[in-house]
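Taking it in order: structure first as structure tokens, then the write-up.
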Amino acid sequence: MLVSISINGQVYSHDVEPRLLLVHFIREYAELHGTHWGCDTSNCGICIVLMDDPQSDQPPYPVKSCTMLAAMAQGYEITTVEGMAKPDGTLDPIQMGFHEMHALQCGFCTPGMMSTGRWLIERHPNPTQMTDHEIRDGISGNLCRCTGYDNIIKAIRWAAAYIEEHPESARTAR
Amino acid sequence: MKLRLANPGHVIDINPIEPELNYIRQEGNEIRIGALTRHVNMLESDLLARTFPDIFREAEAVLADPVVRNRGTMGGSLCQSDPAEDLSGVVVALKGKAVLRGPGGAERVVEMDEFHIGPYMTAVGPTEMLIEVRFPIHPGFGGAHEKVERRAGDFAIVAASAALSIQGGTIQTAGVACSAVGPTTMHIKRAEEALVGKAPSEELFQQAGQMASADCSPNSDGRGPADYKRAVAGVLTQRALSRAAATALR
Ligand SMILES: Cc1cc2nc3c(=O)[nH]c(=O)nc-3n(C[C@H](O)[C@H](O)[C@H](O)COP(=O)(O)OP(=O)(O)OC[C@H]3O[C@@H](n4cnc5c(N)ncnc54)[C@H](O)[C@@H]3O)c2cc1C
Ligand code: FES
Ligand code: FES
């Protein structure tokens with residue numbers, strides 16, 4: 001079946017098997033390999049991308065792309081890690097935070113972690129006041145087997161503080 | 001489908017009708033929740049928190065993780081008919097009724113005892129879908145959900161849902177359900193009968209817990225041996241009832 005999905009502002013149209021999962025559409029057809037594929041059972045959060053529903057006023061929210069058929073993503077705007085930085089290459093604050101706070105080791109979990117992290121900041125009424133518990137609960141669907149999470153939590157905090165100081169950096173998908 | 005338990009010839013994406021089926025509203029003496037209402041909507045609903053304190057919020061807060069809760073729905077949770085579902089336990093304890101719609105708009109309303117007919121099997125016919133779940137409202141309500149899990153966001157080793165309404169010092173209505181300890185969500189009717197008409201007390205809740213322990217039928221698996229789960233079901237049922245009563249009397 002012909003599936004057209006908008007990813008990072010570009011529309012990809014491909015004739016695919018109806019059973020194709022969104023994660024495989026992103027990796028194999030759009031050839032964006034920043035989105036990883038791990039457990040395949042919606043547990044690890046490695047495959048998380050941000051999904052924006054143009055019909056809704058909610059900010060883009062993280063979904064596990066191994067648990068969605070590619071065909072179901074039509075009509076939504078998908079943002080992967082490749083689409084996070086500004087076109088001029090300036091990193092998104094969440095990417096800066098992961099860099100500054102050394103929040104990755106192997107990097108396998110990082111694209112998913114950053115997607116969830118950015119959503120946590122965007123949806124929180126007062127992001128710099130997020131408690132450790134709120135952040136830990138917020139990323140409880142993302143597994144990291146390297147860092148022990150502490151630096152990831154610091155990175156999310158770092159990004160929240162950066163956005164507060166530089167409101168113009170808080171680009172949203174719209 | 002991924003676990004190769006189902007191999008359907010056709011798959012229909014019902015997400016496009018979300019605007020019609022994502023709602024939580026009161027109609028008369030009932031709360032109605034649309035089948036495409038997401039877990040996150042139930043977690044954050046003030047109407048549910050006010051009407052059924054705090055059973056939805058407690059169950060939803062420990063159900064999977066925030067990312068799964070962004071997408072998972074009331075309809076999917078009930079229709080998956082996984083005996084370990086937290087939300088199914090809540091619906092059974094609250095005596096929710098499932099509204100099924102078939103060809104030509106024909107509707108029928110099914111009680112939870114008839115809805116879950118086995119693991120991954122429901123009363124929904126091949127040409128029907130679940131559109132709504134209806135819950136009776138009771139004054140003096142208190143509810144609670146207790147869960148023991150291996151790690152954050154996992155399915156329960158055992159979970160217990162309790163719903164009480166207490167007026168004039170007497171339990172008027174009672175709902176007790178346990179998850180992950182039988183082929184479907186276990187409706188502990190014997191405990192409910194023992195509770196109604198009595199004054200709430202820790203001793204009474206302990207008896208109800210013993211009944212849950214006796215009446216469930218867990219299997220030994222990777223989450224623990226059957227006798228352990230049986231014991232946990234009793235403890236969690238007692239705890240949930242005792243917290244539900246405290247909330248009702250608040
Ligand atoms: C990692 C992970 C952890 C989880 N942890 C928990 C947990 O701790 N506790 C818990 O309770 N649950 C847990 N869940 C399960 C989750 O709550 C449900 O599986 C999920 O909400 C159902 O997903 P869905 O709504 O997308 O339904 P789907 O997966 O799309 O559907 C499930 C089934 O129901 C059918 N169906 C869906 N809607 C309808 C309808 N309206 N009418 C008729 N049939 C319908 C579908 O055809 C399918 O057979 C977890 C899931 C994951 C992936
Ligand atoms: S691959 Fe693990 S959640 Fe998708
Ligand atoms: S950095 Fe290796 S899994 Fe998180």
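A note on labels: chains of the structure tokens are A, B, ... as shown, every chain counts residues from 1, and ligands are counted from 1 in their shown order.
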Neighbours of ligand 3 within 7 Å, counting only C-alpha atoms and all ligand atoms, as a VMD selection string? chain A and resid 104 to 110 143 to 147
Could I get the residue neighbourhood of ligand 1 at 7 Å, counting only C-alpha atoms and all ligand atoms, as a PyMOL selection string? (chain A and resi 41-43) or (chain B and resi 35-36+39+62-65+68+71-80+84-87+124+128-131+153-156)
Please save N, CA and C atoms of the selected residues as a short mmCIF file (atom, residue, chain, number, x, y, z; two decimals), in the first residue's frame.
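So selection-v4.cif came out as:
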data_model
loop_
_atom_site.label_atom_id
_atom_site.label_comp_id
_atom_site.auth_asym_id
_atom_site.auth_seq_id
_atom_site.Cartn_x
_atom_site.Cartn_y
_atom_site.Cartn_z
N THR A 41 8.92 -4.45 21.70
CA THR A 41 7.71 -4.77 22.45
C THR A 41 7.23 -3.57 23.26
N SER A 42 7.66 -2.36 22.89
CA SER A 42 7.15 -1.16 23.55
C SER A 42 7.68 -0.97 24.97
N ASN A 43 8.74 -1.70 25.31
CA ASN A 43 9.26 -1.59 26.67
C ASN A 43 10.42 -0.61 26.81
N ALA B 35 -14.51 4.85 24.10
CA ALA B 35 -13.53 3.76 23.91
C ALA B 35 -12.15 4.28 23.49
N LEU B 36 -12.09 5.45 22.86
CA LEU B 36 -10.78 5.96 22.42
C LEU B 36 -10.21 7.00 23.38
N HIS B 39 -5.15 6.65 28.11
CA HIS B 39 -4.80 6.51 29.54
C HIS B 39 -4.47 7.86 30.15
N VAL B 62 0.25 3.86 37.65
CA VAL B 62 1.17 2.72 37.64
C VAL B 62 0.99 1.84 36.41
N LEU B 63 0.13 2.29 35.49
CA LEU B 63 -0.12 1.50 34.28
C LEU B 63 0.92 1.87 33.22
N ALA B 64 1.73 0.93 32.86
CA ALA B 64 2.78 1.13 31.84
C ALA B 64 3.61 2.37 32.17
N ASP B 65 3.93 3.18 31.15
CA ASP B 65 4.75 4.36 31.36
C ASP B 65 4.10 5.52 30.61
N VAL B 68 3.56 5.08 26.77
CA VAL B 68 2.50 4.13 26.43
C VAL B 68 1.14 4.74 26.77
N ARG B 71 -0.82 6.82 24.20
CA ARG B 71 -1.50 6.19 23.06
C ARG B 71 -2.57 5.18 23.48
N GLY B 72 -2.31 4.41 24.55
CA GLY B 72 -3.22 3.32 24.93
C GLY B 72 -4.59 3.87 25.33
N THR B 73 -5.62 3.08 25.08
CA THR B 73 -7.00 3.54 25.25
C THR B 73 -7.80 2.65 26.21
N MET B 74 -8.91 3.19 26.66
CA MET B 74 -9.88 2.41 27.43
C MET B 74 -10.32 1.18 26.63
N GLY B 75 -10.72 1.41 25.38
CA GLY B 75 -11.22 0.30 24.55
C GLY B 75 -10.17 -0.78 24.35
N GLY B 76 -8.94 -0.37 24.05
CA GLY B 76 -7.88 -1.33 23.82
C GLY B 76 -7.56 -2.14 25.06
N SER B 77 -7.59 -1.48 26.23
CA SER B 77 -7.30 -2.18 27.48
C SER B 77 -8.33 -3.25 27.76
N LEU B 78 -9.61 -2.90 27.61
CA LEU B 78 -10.66 -3.89 27.90
C LEU B 78 -10.67 -4.99 26.85
N CYS B 79 -10.52 -4.60 25.58
CA CYS B 79 -10.67 -5.59 24.50
C CYS B 79 -9.45 -6.49 24.38
N GLN B 80 -8.30 -6.04 24.85
CA GLN B 80 -7.12 -6.91 24.86
C GLN B 80 -7.40 -8.10 25.78
N ALA B 84 -3.91 -9.42 33.27
CA ALA B 84 -3.06 -8.59 34.13
C ALA B 84 -3.37 -7.10 34.00
N GLU B 85 -4.35 -6.74 33.17
CA GLU B 85 -4.67 -5.32 32.97
C GLU B 85 -5.09 -4.65 34.27
N ASP B 86 -4.49 -3.51 34.57
CA ASP B 86 -4.91 -2.73 35.73
C ASP B 86 -6.28 -2.10 35.50
N LEU B 87 -6.47 -1.52 34.32
CA LEU B 87 -7.71 -0.78 34.08
C LEU B 87 -8.92 -1.71 34.08
N VAL B 124 -17.12 -9.21 22.49
CA VAL B 124 -17.30 -8.36 21.30
C VAL B 124 -17.36 -9.25 20.06
N GLU B 128 -18.79 -6.17 15.66
CA GLU B 128 -19.09 -5.16 16.68
C GLU B 128 -17.84 -4.44 17.11
N MET B 129 -18.01 -3.29 17.74
CA MET B 129 -16.89 -2.68 18.46
C MET B 129 -17.40 -2.07 19.76
N LEU B 130 -16.45 -1.94 20.70
CA LEU B 130 -16.76 -1.29 21.96
C LEU B 130 -16.75 0.22 21.72
N ILE B 131 -17.79 0.91 22.13
CA ILE B 131 -17.76 2.36 21.92
C ILE B 131 -17.68 3.13 23.23
N GLY B 153 6.47 0.32 35.47
CA GLY B 153 5.88 0.23 34.14
C GLY B 153 5.57 -1.17 33.66
N ASP B 154 5.85 -2.16 34.48
CA ASP B 154 5.60 -3.54 34.06
C ASP B 154 4.16 -3.93 34.40
N PHE B 155 3.71 -4.98 33.73
CA PHE B 155 2.43 -5.56 34.12
C PHE B 155 2.54 -6.08 35.55
N ALA B 156 1.40 -6.18 36.21
CA ALA B 156 1.38 -6.54 37.62
C ALA B 156 1.84 -7.98 37.86
#
Using only C-alpha atoms, find which residues of chain A lie within 9 Å of chain B and jot them down as a ChimeraX atom specification. /A:40-43,45,48,61-64,67,71-72,116,137-142
Which of stretch 60-230 of chain B fall in strand (DSSP E or B), as a PyMOL selection string: chain B and resi 73+97-101+107-111+116-118+121-122+129-136+141-149+156-167+170-179+186-187+221+224
So which residues touch B:Ala246 within 12 Å, counting only C-alpha atoms, skipping near sequence neighbours fewer than 5 positions away, as a ChimeraX atom specification? /B:53-54,140-144,162-166,169,200-202,239-241
Which residues are close to B:Tyr228, i.e. within 12 Å by only C-alpha atoms, leaving aside same-chain residues fewer than 2 positions away? Reply as a PyMOL selection string. chain B and resi 148+157-158+181+213+217-221+223-226+230-235
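Comparing A:Ile78, A:Cys47, A:Met68, A:Leu91 by their smallest distance to A:Pro111, the closest is A:Cys47 (using only C-alpha atoms).
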Atom CA of B:Ile188 to atom CA of B:Val176: how many Å, to one decimal? 5.5 Å
Residue set, stretch 103-188 of chain B restricted to alpha helix (DSSP H), as a ChimeraX atom specification: /B:112-115
Include N, CA and C atoms and write out the residues we just selected as a short mmCIF file (atom, residue, chain, number, x, y, z; two decimals), in the first residue's frame.
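As written to disk, part.cif reads:
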data_model
loop_
_atom_site.label_atom_id
_atom_site.label_comp_id
_atom_site.auth_asym_id
_atom_site.auth_seq_id
_atom_site.Cartn_x
_atom_site.Cartn_y
_atom_site.Cartn_z
N MET B 112 -19.49 -6.61 32.91
CA MET B 112 -18.10 -7.07 32.84
C MET B 112 -17.97 -8.59 33.01
N ASP B 113 -18.82 -9.19 33.84
CA ASP B 113 -18.72 -10.64 34.04
C ASP B 113 -18.96 -11.40 32.74
N GLU B 114 -19.75 -10.81 31.85
CA GLU B 114 -19.97 -11.47 30.56
C GLU B 114 -19.00 -10.97 29.49
N PHE B 115 -18.33 -9.86 29.78
CA PHE B 115 -17.49 -9.24 28.74
C PHE B 115 -16.17 -10.00 28.54
#
What is the distance between atom CA of B:Thr170 and atom CA of B:Val91, in Å to one decimal? 22.9 Å
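Checking A:Gly112, A:Pro167, A:Gly117, A:Pro87 one by one against A:Trp37, counting only C-alpha atoms, you find the shortest gap at A:Gly112.
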Which residues are near B:Tyr120? Cut-off 10 Å, only C-alpha atoms, ignore same chain within fewer than 6 positions. Put them as a compact mmCIF listing (two decimals) with C-alpha atoms, in the first residue's frame.
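Listed below is the output, around25.txt:
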# COMPACT_ATOMS: atom_id res chain seq x y z
CA LEU B 5 -1.20 -14.52 18.80
CA ALA B 6 -3.47 -12.98 16.18
CA LEU B 78 -10.66 -3.89 27.90
CA CYS B 79 -10.67 -5.59 24.50
CA GLN B 80 -7.12 -6.91 24.86
CA SER B 81 -8.61 -8.89 27.76
CA ASP B 82 -5.21 -9.43 29.30
CA PRO B 83 -5.88 -10.80 32.80
CA PRO B 183 -7.60 -16.52 33.28
CA THR B 184 -9.43 -13.17 33.28
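Every protein, DNA or RNA residue with an atom at most 6 Å from B:Glu146, where only C-alpha atoms count and chain neighbours fewer than 2 positions away do not, is listed here: Ala159, Ala160, Leu236 and Ala240 of chain B.
For B:Ile33, the residues within 9 Å (counting only C-alpha atoms, excluding itself and residues fewer than 4 positions away along the chain) are Leu21, Asn22, Tyr23, Ile24, Arg25, Gln26, Thr37, Met42, Met74, Ile131, Glu132, Val133, Arg134 and Phe135 of chain B.
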